[in-house]
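Text of the file structure_26.cif, holding mmCIF, C-alpha atoms:
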```cif
data_upload
#
loop_
_atom_site.group_PDB
_atom_site.id
_atom_site.type_symbol
_atom_site.label_atom_id
_atom_site.label_comp_id
_atom_site.auth_asym_id
_atom_site.auth_seq_id
_atom_site.Cartn_x
_atom_site.Cartn_y
_atom_site.Cartn_z
ATOM 1 C CA MET A 1 1.651 -22.477 8.142
ATOM 2 C CA LEU A 2 1.067 -19.937 10.943
ATOM 3 C CA GLY A 3 4.647 -20.360 12.139
ATOM 4 C CA TRP A 4 5.952 -20.008 8.580
ATOM 5 C CA ARG A 5 3.995 -16.780 8.028
ATOM 6 C CA LEU A 6 5.319 -15.333 11.279
ATOM 7 C CA LEU A 7 8.886 -16.344 10.369
ATOM 8 C CA VAL A 8 8.701 -14.706 6.935
ATOM 9 C CA SER A 9 7.235 -11.560 8.504
ATOM 10 C CA VAL A 10 10.084 -11.458 11.023
ATOM 11 C CA ILE A 11 12.556 -11.576 8.101
ATOM 12 C CA LEU A 12 10.811 -9.194 5.710
ATOM 13 C CA ILE A 13 10.051 -6.416 8.187
ATOM 14 C CA PRO A 14 13.684 -5.890 9.336
ATOM 15 C CA LEU A 15 14.832 -6.098 5.697
ATOM 16 C CA LEU A 16 12.392 -3.374 4.736
ATOM 17 C CA ALA A 17 13.415 -1.348 7.782
ATOM 18 C CA GLY A 18 17.056 -1.587 6.656
ATOM 19 C CA LEU A 19 16.194 -0.234 3.206
ATOM 20 C CA PHE A 20 14.245 2.605 4.786
ATOM 21 C CA TYR A 21 17.189 3.429 7.064
ATOM 22 C CA LEU A 22 19.550 3.655 4.100
ATOM 23 C CA ASP A 23 17.072 5.768 2.182
ATOM 24 C CA GLN A 24 16.625 8.090 5.147
ATOM 25 C CA ARG A 25 20.363 8.750 5.101
ATOM 26 C CA ALA A 26 20.312 9.291 1.324
ATOM 27 C CA GLY A 27 18.311 12.502 1.663
ATOM 28 C CA SER A 28 14.764 13.792 1.343
ATOM 29 C CA SER A 29 14.500 12.883 -2.354
ATOM 30 C CA ALA A 30 14.234 9.218 -1.262
ATOM 31 C CA PRO A 31 16.090 7.623 -4.220
ATOM 32 C CA ILE A 32 16.069 4.107 -2.736
ATOM 33 C CA LEU A 33 12.330 4.296 -2.099
ATOM 34 C CA TYR A 34 11.850 5.399 -5.712
ATOM 35 C CA GLY A 35 13.848 2.414 -6.951
ATOM 36 C CA LEU A 36 11.869 0.081 -4.706
ATOM 37 C CA CYS A 37 8.587 1.511 -6.017
ATOM 38 C CA CYS A 38 9.767 0.966 -9.608
ATOM 39 C CA LEU A 39 10.522 -2.685 -8.862
ATOM 40 C CA ILE A 40 7.134 -3.095 -7.184
ATOM 41 C CA ILE A 41 5.448 -1.513 -10.205
ATOM 42 C CA PHE A 42 7.005 -3.929 -12.695
ATOM 43 C CA ARG A 43 6.326 -6.984 -10.541
ATOM 44 C CA GLY A 44 2.854 -5.813 -9.521
ATOM 45 C CA CYS A 45 1.782 -4.985 -13.079
ATOM 46 C CA TRP A 46 3.060 -8.350 -14.267
ATOM 47 C CA GLU A 47 1.103 -10.174 -11.558
ATOM 48 C CA LEU A 48 -2.109 -8.259 -12.139
ATOM 49 C CA THR A 49 -2.032 -8.475 -15.947
ATOM 50 C CA GLN A 50 -1.363 -12.204 -15.708
ATOM 51 C CA LEU A 51 -4.144 -12.565 -13.150
ATOM 52 C CA LEU A 52 -6.627 -10.679 -15.329
ATOM 53 C CA ALA A 53 -5.769 -12.512 -18.570
ATOM 54 C CA VAL A 54 -9.012 -14.500 -18.623
ATOM 55 C CA ARG A 55 -12.212 -14.416 -20.654
ATOM 56 C CA ASN A 56 -12.087 -11.280 -22.856
ATOM 57 C CA LEU A 57 -9.591 -9.505 -20.585
ATOM 58 C CA LYS A 58 -6.229 -9.091 -22.322
ATOM 59 C CA PRO A 59 -4.406 -6.304 -20.458
ATOM 60 C CA GLY A 60 -0.946 -5.398 -21.718
ATOM 61 C CA PHE A 61 1.973 -5.587 -19.317
ATOM 62 C CA ALA A 62 4.110 -3.108 -21.266
ATOM 63 C CA ILE A 63 1.596 -0.261 -21.366
ATOM 64 C CA THR A 64 0.379 -0.705 -17.779
ATOM 65 C CA SER A 65 3.875 -0.901 -16.302
ATOM 66 C CA LEU A 66 5.161 2.095 -18.294
ATOM 67 C CA LEU A 67 2.147 4.243 -17.428
ATOM 68 C CA SER A 68 2.387 3.245 -13.756
ATOM 69 C CA LEU A 69 6.067 4.159 -13.849
ATOM 70 C CA LEU A 70 5.134 7.504 -15.418
ATOM 71 C CA ILE A 71 2.754 8.303 -12.558
ATOM 72 C CA CYS A 72 5.350 7.330 -9.952
ATOM 73 C CA THR A 73 8.126 9.330 -11.648
ATOM 74 C CA LEU A 74 5.964 12.437 -11.964
ATOM 75 C CA ALA A 75 5.162 12.135 -8.255
ATOM 76 C CA TRP A 76 8.890 12.171 -7.480
ATOM 77 C CA LEU A 77 9.882 15.117 -9.696
ATOM 78 C CA PRO A 78 9.349 17.863 -7.070
ATOM 79 C CA TYR A 79 11.426 15.905 -4.547
ATOM 80 C CA PHE A 80 14.231 15.171 -7.018
ATOM 81 C CA SER A 81 14.314 18.851 -8.034
ATOM 82 C CA GLN A 82 14.435 19.959 -4.380
ATOM 83 C CA ALA A 83 11.290 22.077 -4.729
ATOM 84 C CA ASP A 84 10.120 24.299 -1.889
ATOM 85 C CA PRO A 85 9.224 21.902 0.964
ATOM 86 C CA GLY A 86 6.060 23.856 1.650
ATOM 87 C CA SER A 87 4.650 23.209 -1.818
ATOM 88 C CA ALA A 88 6.508 20.074 -2.958
ATOM 89 C CA GLN A 89 3.766 17.659 -1.958
ATOM 90 C CA GLU A 90 1.018 19.764 -3.494
ATOM 91 C CA ILE A 91 2.937 19.849 -6.787
ATOM 92 C CA SER A 92 3.618 16.127 -6.526
ATOM 93 C CA LEU A 93 -0.063 15.288 -6.049
ATOM 94 C CA ALA A 94 -1.006 17.545 -8.964
ATOM 95 C CA LEU A 95 1.548 15.867 -11.237
ATOM 96 C CA MET A 96 0.285 12.443 -10.157
ATOM 97 C CA SER A 97 -3.241 13.435 -11.126
ATOM 98 C CA ILE A 98 -2.057 14.698 -14.507
ATOM 99 C CA GLY A 99 -0.091 11.488 -15.062
ATOM 100 C CA PHE A 100 -3.121 9.378 -14.197
ATOM 101 C CA SER A 101 -5.335 11.380 -16.545
ATOM 102 C CA VAL A 102 -2.819 11.056 -19.381
ATOM 103 C CA SER A 103 -2.618 7.316 -18.696
ATOM 104 C CA ILE A 104 -6.370 6.916 -19.200
ATOM 105 C CA LEU A 105 -6.192 8.891 -22.454
ATOM 106 C CA LEU A 106 -3.334 6.751 -23.754
ATOM 107 C CA ILE A 107 -5.122 3.520 -22.877
ATOM 108 C CA PHE A 108 -8.162 4.708 -24.831
ATOM 109 C CA LEU A 109 -5.906 5.747 -27.719
ATOM 110 C CA LYS A 110 -4.296 2.297 -27.768
ATOM 111 C CA GLY A 111 -7.710 0.648 -27.771
ATOM 112 C CA THR A 112 -8.844 2.860 -30.639
ATOM 113 C CA ILE A 113 -5.791 2.080 -32.762
ATOM 114 C CA LEU A 114 -5.918 -1.691 -32.146
ATOM 115 C CA PHE A 115 -9.689 -2.132 -32.457
ATOM 116 C CA GLN A 116 -10.660 -5.026 -34.746
ATOM 117 C CA GLU A 117 -14.001 -6.448 -33.651
ATOM 118 C CA PRO A 118 -16.692 -5.856 -31.013
ATOM 119 C CA GLY A 119 -16.620 -7.631 -27.668
ATOM 120 C CA ARG A 120 -12.993 -7.280 -26.524
ATOM 121 C CA SER A 121 -11.802 -3.679 -26.378
ATOM 122 C CA MET A 122 -13.797 -2.395 -23.396
ATOM 123 C CA GLU A 123 -12.870 -5.371 -21.204
ATOM 124 C CA THR A 124 -9.183 -5.008 -22.000
ATOM 125 C CA MET A 125 -9.156 -1.240 -21.489
ATOM 126 C CA GLY A 126 -10.998 -1.654 -18.193
ATOM 127 C CA ALA A 127 -8.425 -4.195 -17.008
ATOM 128 C CA GLU A 128 -5.574 -1.876 -18.008
ATOM 129 C CA ILE A 129 -7.111 1.122 -16.227
ATOM 130 C CA LEU A 130 -7.641 -1.056 -13.134
ATOM 131 C CA THR A 131 -3.980 -2.162 -13.232
ATOM 132 C CA VAL A 132 -2.636 1.382 -13.569
ATOM 133 C CA SER A 133 -4.984 2.602 -10.829
ATOM 134 C CA TYR A 134 -4.276 -0.217 -8.390
ATOM 135 C CA VAL A 135 -0.532 -0.593 -8.872
ATOM 136 C CA GLY A 136 0.654 2.761 -10.198
ATOM 137 C CA PHE A 137 -1.577 5.394 -8.659
ATOM 138 C CA LEU A 138 -2.216 3.791 -5.271
ATOM 139 C CA LEU A 139 1.476 2.968 -4.829
ATOM 140 C CA ALA A 140 2.547 6.532 -5.684
ATOM 141 C CA LEU A 141 -0.069 7.842 -3.256
ATOM 142 C CA LEU A 142 1.140 5.488 -0.530
ATOM 143 C CA ALA A 143 4.697 6.770 -1.024
ATOM 144 C CA GLN A 144 3.498 10.334 -0.305
ATOM 145 C CA LEU A 145 3.519 9.400 3.373
ATOM 146 C CA ARG A 146 7.314 9.792 3.159
ATOM 147 C CA TRP A 147 6.818 13.585 3.083
ATOM 148 C CA VAL A 148 3.371 14.082 4.626
ATOM 149 C CA ALA A 149 4.661 16.141 7.578
ATOM 150 C CA GLY A 150 7.544 17.737 5.680
ATOM 151 C CA PRO A 151 10.920 16.495 4.414
ATOM 152 C CA GLU A 152 11.983 15.569 7.957
ATOM 153 C CA THR A 153 9.080 13.136 8.348
ATOM 154 C CA GLY A 154 11.259 10.349 7.036
ATOM 155 C CA TYR A 155 9.691 6.968 7.544
ATOM 156 C CA LEU A 156 7.694 7.735 10.659
ATOM 157 C CA ALA A 157 4.454 8.105 8.689
ATOM 158 C CA LEU A 158 5.153 5.418 6.115
ATOM 159 C CA GLY A 159 6.249 3.059 8.870
ATOM 160 C CA SER A 160 3.059 3.728 10.818
ATOM 161 C CA LEU A 161 1.003 2.506 7.861
ATOM 162 C CA ILE A 162 3.119 -0.567 7.162
ATOM 163 C CA ILE A 163 3.351 -1.638 10.815
ATOM 164 C CA SER A 164 -0.356 -1.091 11.433
ATOM 165 C CA ALA A 165 -1.457 -2.834 8.228
ATOM 166 C CA LYS A 166 0.845 -5.827 8.591
ATOM 167 C CA MET A 167 0.160 -6.192 12.313
ATOM 168 C CA GLY A 168 -3.490 -6.190 11.301
ATOM 169 C CA ASP A 169 -2.786 -8.984 8.815
ATOM 170 C CA ILE A 170 -0.919 -10.979 11.459
ATOM 171 C CA GLY A 171 -3.581 -10.367 14.096
ATOM 172 C CA GLY A 172 -6.383 -11.296 11.726
ATOM 173 C CA TYR A 173 -4.685 -14.481 10.581
ATOM 174 C CA THR A 174 -3.693 -15.527 14.120
ATOM 175 C CA PHE A 175 -7.070 -14.844 15.750
ATOM 176 C CA GLY A 176 -8.889 -16.451 12.851
ATOM 177 C CA ARG A 177 -6.801 -19.609 12.904
ATOM 178 C CA LEU A 178 -6.975 -20.004 16.680
ATOM 179 C CA TRP A 179 -10.540 -18.980 17.489
ATOM 180 C CA GLY A 180 -12.357 -18.167 14.272
ATOM 181 C CA ARG A 181 -15.602 -20.013 13.582
ATOM 182 C CA LYS A 182 -18.237 -17.788 11.966
ATOM 183 C CA LYS A 183 -17.296 -16.803 8.411
ATOM 184 C CA LEU A 184 -17.039 -13.123 7.537
ATOM 185 C CA VAL A 185 -17.671 -13.202 3.774
ATOM 186 C CA PRO A 186 -17.796 -16.912 2.878
ATOM 187 C CA ARG A 187 -18.491 -16.477 -0.834
ATOM 188 C CA LEU A 188 -15.608 -14.057 -1.307
ATOM 189 C CA SER A 189 -12.979 -15.208 1.182
ATOM 190 C CA PRO A 190 -13.876 -18.476 2.970
ATOM 191 C CA GLY A 191 -10.871 -18.290 5.285
ATOM 192 C CA LYS A 192 -11.816 -14.998 6.945
ATOM 193 C CA THR A 193 -13.895 -15.008 10.117
ATOM 194 C CA TRP A 194 -15.493 -12.409 12.354
ATOM 195 C CA VAL A 195 -12.994 -13.189 15.112
ATOM 196 C CA GLY A 196 -10.209 -12.733 12.556
ATOM 197 C CA ALA A 197 -11.645 -9.318 11.658
ATOM 198 C CA TYR A 198 -11.589 -8.278 15.322
ATOM 199 C CA GLY A 199 -8.041 -9.618 15.522
ATOM 200 C CA ALA A 200 -7.028 -7.494 12.523
ATOM 201 C CA ILE A 201 -8.325 -4.342 14.184
ATOM 202 C CA PHE A 202 -6.727 -5.271 17.518
ATOM 203 C CA GLY A 203 -3.377 -6.143 15.936
ATOM 204 C CA ALA A 204 -3.276 -2.935 13.903
ATOM 205 C CA ALA A 205 -4.207 -0.811 16.925
ATOM 206 C CA LEU A 206 -1.525 -2.501 19.038
ATOM 207 C CA GLY A 207 1.109 -2.043 16.337
ATOM 208 C CA SER A 208 0.190 1.623 15.938
ATOM 209 C CA LEU A 209 0.278 2.250 19.682
ATOM 210 C CA LEU A 210 3.753 0.738 20.026
ATOM 211 C CA TRP A 211 5.010 2.555 16.939
ATOM 212 C CA PHE A 212 3.899 6.002 18.090
ATOM 213 C CA GLN A 213 5.061 5.418 21.653
ATOM 214 C CA PHE A 214 8.614 4.337 20.907
ATOM 215 C CA THR A 215 9.754 5.563 17.480
ATOM 216 C CA PRO A 216 9.059 9.322 16.949
ATOM 217 C CA ALA A 217 12.201 10.445 18.829
ATOM 218 C CA LEU A 218 14.292 8.192 16.575
ATOM 219 C CA PHE A 219 13.306 10.372 13.610
ATOM 220 C CA ASN A 220 13.491 13.736 15.373
ATOM 221 C CA PRO A 221 14.651 14.317 18.973
ATOM 222 C CA LEU A 222 11.999 17.020 19.334
ATOM 223 C CA TRP A 223 9.142 14.674 18.483
ATOM 224 C CA THR A 224 7.111 12.613 20.891
ATOM 225 C CA GLY A 225 4.298 10.219 20.150
ATOM 226 C CA SER A 226 0.679 11.282 20.117
ATOM 227 C CA SER A 227 -1.748 10.546 22.913
ATOM 228 C CA TRP A 228 -2.463 6.838 23.163
ATOM 229 C CA TYR A 229 -6.060 7.201 22.003
ATOM 230 C CA TRP A 230 -5.033 8.892 18.728
ATOM 231 C CA ALA A 231 -2.524 6.134 18.054
ATOM 232 C CA ILE A 232 -5.123 3.445 18.753
ATOM 233 C CA LEU A 233 -7.698 5.243 16.593
ATOM 234 C CA PHE A 234 -5.223 5.474 13.709
ATOM 235 C CA GLY A 235 -4.335 1.800 13.982
ATOM 236 C CA ALA A 236 -7.924 0.622 14.330
ATOM 237 C CA ILE A 237 -8.983 2.538 11.210
ATOM 238 C CA ILE A 238 -6.011 1.239 9.226
ATOM 239 C CA GLY A 239 -6.741 -2.290 10.436
ATOM 240 C CA LEU A 240 -10.358 -2.038 9.295
ATOM 241 C CA VAL A 241 -9.519 -0.434 5.951
ATOM 242 C CA GLY A 242 -6.668 -2.891 5.401
ATOM 243 C CA LEU A 243 -9.112 -5.756 5.963
ATOM 244 C CA VAL A 244 -11.377 -4.268 3.281
ATOM 245 C CA GLY A 245 -8.349 -3.984 0.987
ATOM 246 C CA ASP A 246 -7.617 -7.662 1.530
ATOM 247 C CA LEU A 247 -11.201 -8.505 0.627
ATOM 248 C CA CYS A 248 -11.037 -6.322 -2.478
ATOM 249 C CA GLU A 249 -8.010 -8.205 -3.736
ATOM 250 C CA SER A 250 -9.864 -11.429 -2.929
ATOM 251 C CA LEU A 251 -12.671 -10.118 -5.145
ATOM 252 C CA ILE A 252 -10.256 -9.858 -8.078
ATOM 253 C CA LYS A 253 -8.841 -13.337 -7.502
ATOM 254 C CA ARG A 254 -12.228 -14.917 -6.884
ATOM 255 C CA ASP A 255 -13.718 -13.414 -10.035
ATOM 256 C CA VAL A 256 -10.925 -14.791 -12.233
ATOM 257 C CA GLY A 257 -10.812 -18.132 -10.424
ATOM 258 C CA LYS A 258 -7.370 -17.853 -8.801
ATOM 259 C CA LYS A 259 -6.272 -18.453 -5.213
ATOM 260 C CA ASP A 260 -3.174 -16.211 -5.180
ATOM 261 C CA SER A 261 -1.987 -13.339 -7.352
ATOM 262 C CA ALA A 262 1.190 -15.342 -8.100
ATOM 263 C CA GLU A 263 3.506 -17.933 -6.563
ATOM 264 C CA LEU A 264 6.180 -15.791 -4.977
ATOM 265 C CA LEU A 265 6.306 -16.876 -1.325
ATOM 266 C CA PRO A 266 4.707 -20.077 0.012
ATOM 267 C CA GLY A 267 1.941 -19.197 2.426
ATOM 268 C CA PHE A 268 1.759 -15.589 1.190
ATOM 269 C CA GLY A 269 1.148 -15.855 -2.544
ATOM 270 C CA GLY A 270 2.360 -13.055 -4.776
ATOM 271 C CA LEU A 271 3.579 -9.522 -4.202
ATOM 272 C CA LEU A 272 0.055 -8.136 -4.494
ATOM 273 C CA ASP A 273 -1.052 -10.539 -1.758
ATOM 274 C CA LEU A 274 1.544 -8.908 0.496
ATOM 275 C CA LEU A 275 0.648 -5.347 -0.477
ATOM 276 C CA ASP A 276 -3.149 -5.549 -0.678
ATOM 277 C CA SER A 277 -3.864 -3.994 2.726
ATOM 278 C CA PRO A 278 -1.177 -1.217 2.636
ATOM 279 C CA LEU A 279 -2.122 -0.221 -0.936
ATOM 280 C CA TYR A 280 -5.797 0.099 -0.074
ATOM 281 C CA ALA A 281 -5.151 1.813 3.266
ATOM 282 C CA GLY A 282 -2.518 4.235 1.918
ATOM 283 C CA PRO A 283 -4.915 7.065 0.935
ATOM 284 C CA VAL A 284 -6.730 6.740 4.271
ATOM 285 C CA ALA A 285 -3.437 6.912 6.188
ATOM 286 C CA LEU A 286 -2.503 10.055 4.245
ATOM 287 C CA ILE A 287 -5.796 11.696 5.236
ATOM 288 C CA LEU A 288 -5.428 10.621 8.878
ATOM 289 C CA TRP A 289 -1.933 12.103 9.033
ATOM 290 C CA LYS A 290 -3.404 15.385 7.791
ATOM 291 C CA LEU A 291 -6.271 15.342 10.299
ATOM 292 C CA LEU A 292 -4.998 13.707 13.501
ATOM 293 C CA PRO A 293 -2.308 15.034 15.905
ATOM 294 C CA LEU A 294 -0.112 11.949 15.523
ATOM 295 C CA ILE A 295 3.140 13.612 16.609
ATOM 296 C CA THR A 296 3.863 16.272 19.216
ATOM 297 C CA VAL A 297 6.716 18.754 18.854
ATOM 298 C CA VAL A 298 8.575 19.413 22.102
ATOM 299 C CA THR A 299 9.916 22.969 22.391
ATOM 300 C CA ALA A 300 13.432 23.771 23.567
ATOM 301 C CA THR A 301 12.107 24.636 27.042
ATOM 302 C CA GLY A 302 10.310 21.288 27.255
ATOM 303 C CA ASN A 303 6.835 22.802 27.119
#
```
Please express what this file holds, its structure, as structure tokens.
Amino acid sequence: MLGWRLLVSVILIPLLAGLFYLDQRAGSSAPILYGLCCLIIFRGCWELTQLLAVRNLKPGFAITSLLSLLICTLAWLPYFSQADPGSAQEISLALMSIGFSVSILLIFLKGTILFQEPGRSMETMGAEILTVSYVGFLLALLAQLRWVAGPETGYLALGSLIISAKMGDIGGYTFGRLWGRKKLVPRLSPGKTWVGAYGAIFGAALGSLLWFQFTPALFNPLWTGSSWYWAILFGAIIGLVGLVGDLCESLIKRDVGKKDSAELLPGFGGLLDLLDSPLYAGPVALILWKLLPLITVVTATGN
């Protein structure tokens, strides 16, 4: 199973890199990334609503997917309209917040209209708000990394999150399978060990270090990577937060009595099983890119 997981990762990562390359050439509005996010929204909302359809939870796929799509589309409007680069992301984040607020209001309105008897409405509305928050809002926030340092950022920032998070997943799984003994959170995720947790942080830090050392100049010839300690710090934090994100998705699955979010890829589970760590770590990566000197601009004189 370890070899299979590594093989699938080797296939998926270059495929995703190819899509990002094409989108980079398509312009700063990122139309291919928008289309990819829409596909992820529909698949992710389907998986989560199916996963949560237990007990008195009856979340609707149609309303959650459409509201998630609304949030994502509002986030893209400033970039599609070629708004001022200096304010585009601020406008985008404001529109996302408005879209999320409207989504909550509409979910409550739906619950009010369809109410028939006590004991079902609050559970269903809670599941729908969770779905829109987890799939729609977090995904749209993750995509903001595409423009976090300006339109020319391209996929340097987004790639740093994906590489760090997935290298953390690979490191955690590999270390845990080879040397893991003591369980990390046995009631929630029996397969995770303390050694696996250290491996996740190590793998993410290593992936981040390599990414920031070798890729910035590919996006802009005047960019160089940050100091090694900033790259390692970024990766270590993403590895830790990504591990928590993995556990949070395990919480959802454990509470509803399921092993995977869906049966999409053997050994990986569903789409949400692939995206759990990047989705959870996305907001943290956005903050770190705002706070840490992760790229250095080289002047024309080389100083």
Return as JSON lines the residues of range 219-261 of chain A lying at most 9 Å from range 41-62 of chain A, together with the closest atom-to-atom pair for each and the distance in Å to one decimal, counting all atoms listed in the file, with rows in chain order and ascending residue number.
```
{"residue": "A:Ile252", "atom": "CA", "partner": "A:Leu52", "partner_atom": "CA", "distance": 8.1}
{"residue": "A:Lys253", "atom": "CA", "partner": "A:Leu51", "partner_atom": "CA", "distance": 7.4}
{"residue": "A:Val256", "atom": "CA", "partner": "A:Val54", "partner_atom": "CA", "distance": 6.7}
{"residue": "A:Lys258", "atom": "CA", "partner": "A:Leu51", "partner_atom": "CA", "distance": 7.6}
{"residue": "A:Asp260", "atom": "CA", "partner": "A:Leu51", "partner_atom": "CA", "distance": 8.8}
{"residue": "A:Ser261", "atom": "CA", "partner": "A:Glu47", "partner_atom": "CA", "distance": 6.1}
```
List the residues selected by the PyMOL selection byres ((chain A and resi 170-179) around 9) in the file shown, writing them as a PyMOL selection string. chain A and resi 2+5-6+9+165-169+180-181+191-204+243
Selected residues written out, C-alpha atoms, as an mmCIF file, keeping the file's coordinate frame:
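Full text of again_22.cif as output:
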```cif
data_model
loop_
_atom_site.group_PDB
_atom_site.id
_atom_site.type_symbol
_atom_site.label_atom_id
_atom_site.label_comp_id
_atom_site.auth_asym_id
_atom_site.auth_seq_id
_atom_site.Cartn_x
_atom_site.Cartn_y
_atom_site.Cartn_z
ATOM 1 C CA LEU A 2 1.067 -19.937 10.943
ATOM 2 C CA ARG A 5 3.995 -16.780 8.028
ATOM 3 C CA LEU A 6 5.319 -15.333 11.279
ATOM 4 C CA SER A 9 7.235 -11.560 8.504
ATOM 5 C CA ALA A 165 -1.457 -2.834 8.228
ATOM 6 C CA LYS A 166 0.845 -5.827 8.591
ATOM 7 C CA MET A 167 0.160 -6.192 12.313
ATOM 8 C CA GLY A 168 -3.490 -6.190 11.301
ATOM 9 C CA ASP A 169 -2.786 -8.984 8.815
ATOM 10 C CA GLY A 180 -12.357 -18.167 14.272
ATOM 11 C CA ARG A 181 -15.602 -20.013 13.582
ATOM 12 C CA GLY A 191 -10.871 -18.290 5.285
ATOM 13 C CA LYS A 192 -11.816 -14.998 6.945
ATOM 14 C CA THR A 193 -13.895 -15.008 10.117
ATOM 15 C CA TRP A 194 -15.493 -12.409 12.354
ATOM 16 C CA VAL A 195 -12.994 -13.189 15.112
ATOM 17 C CA GLY A 196 -10.209 -12.733 12.556
ATOM 18 C CA ALA A 197 -11.645 -9.318 11.658
ATOM 19 C CA TYR A 198 -11.589 -8.278 15.322
ATOM 20 C CA GLY A 199 -8.041 -9.618 15.522
ATOM 21 C CA ALA A 200 -7.028 -7.494 12.523
ATOM 22 C CA ILE A 201 -8.325 -4.342 14.184
ATOM 23 C CA PHE A 202 -6.727 -5.271 17.518
ATOM 24 C CA GLY A 203 -3.377 -6.143 15.936
ATOM 25 C CA ALA A 204 -3.276 -2.935 13.903
ATOM 26 C CA LEU A 243 -9.112 -5.756 5.963
#
```
Just give me the gap between CA of Ala140 in chain A and CA of Thr73 in chain A in Å, one decimal is fine. 8.6 Å
Carefully work through the PyMOL selection byres ((chain A and resi 293) around 10) for this structure and note down the residues it includes, as an MDAnalysis selection string. chainID A and resid 225:227 230:231 288:292 294:296
For the point (5.4, 2.2, 8.0) in the file's frame, write as a ChimeraX atom specification all residues with an atom no more than 10 Å away, counting only C-alpha atoms. /A:13,16-17,20,145-146,155-166,208,211,278
Just the selected residues (C-alpha atoms), exported as a PDB file, in the coordinates of the input, please.
```pdb
ATOM      1  CA  ILE A  13      10.051  -6.416   8.187  1.00  0.00           C
ATOM      2  CA  LEU A  16      12.392  -3.374   4.736  1.00  0.00           C
ATOM      3  CA  ALA A  17      13.415  -1.348   7.782  1.00  0.00           C
ATOM      4  CA  PHE A  20      14.245   2.605   4.786  1.00  0.00           C
ATOM      5  CA  LEU A 145       3.519   9.400   3.373  1.00  0.00           C
ATOM      6  CA  ARG A 146       7.314   9.792   3.159  1.00  0.00           C
ATOM      7  CA  TYR A 155       9.691   6.968   7.544  1.00  0.00           C
ATOM      8  CA  LEU A 156       7.694   7.735  10.659  1.00  0.00           C
ATOM      9  CA  ALA A 157       4.454   8.105   8.689  1.00  0.00           C
ATOM     10  CA  LEU A 158       5.153   5.418   6.115  1.00  0.00           C
ATOM     11  CA  GLY A 159       6.249   3.059   8.870  1.00  0.00           C
ATOM     12  CA  SER A 160       3.059   3.728  10.818  1.00  0.00           C
ATOM     13  CA  LEU A 161       1.003   2.506   7.861  1.00  0.00           C
ATOM     14  CA  ILE A 162       3.119  -0.567   7.162  1.00  0.00           C
ATOM     15  CA  ILE A 163       3.351  -1.638  10.815  1.00  0.00           C
ATOM     16  CA  SER A 164      -0.356  -1.091  11.433  1.00  0.00           C
ATOM     17  CA  ALA A 165      -1.457  -2.834   8.228  1.00  0.00           C
ATOM     18  CA  LYS A 166       0.845  -5.827   8.591  1.00  0.00           C
ATOM     19  CA  SER A 208       0.190   1.623  15.938  1.00  0.00           C
ATOM     20  CA  TRP A 211       5.010   2.555  16.939  1.00  0.00           C
ATOM     21  CA  PRO A 278      -1.177  -1.217   2.636  1.00  0.00           C
TER      22      PRO A 278
END
```
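Straight-line separation from CA of Gly136 in chain A to CA of Leu12 in chain A: 22.3 Å.
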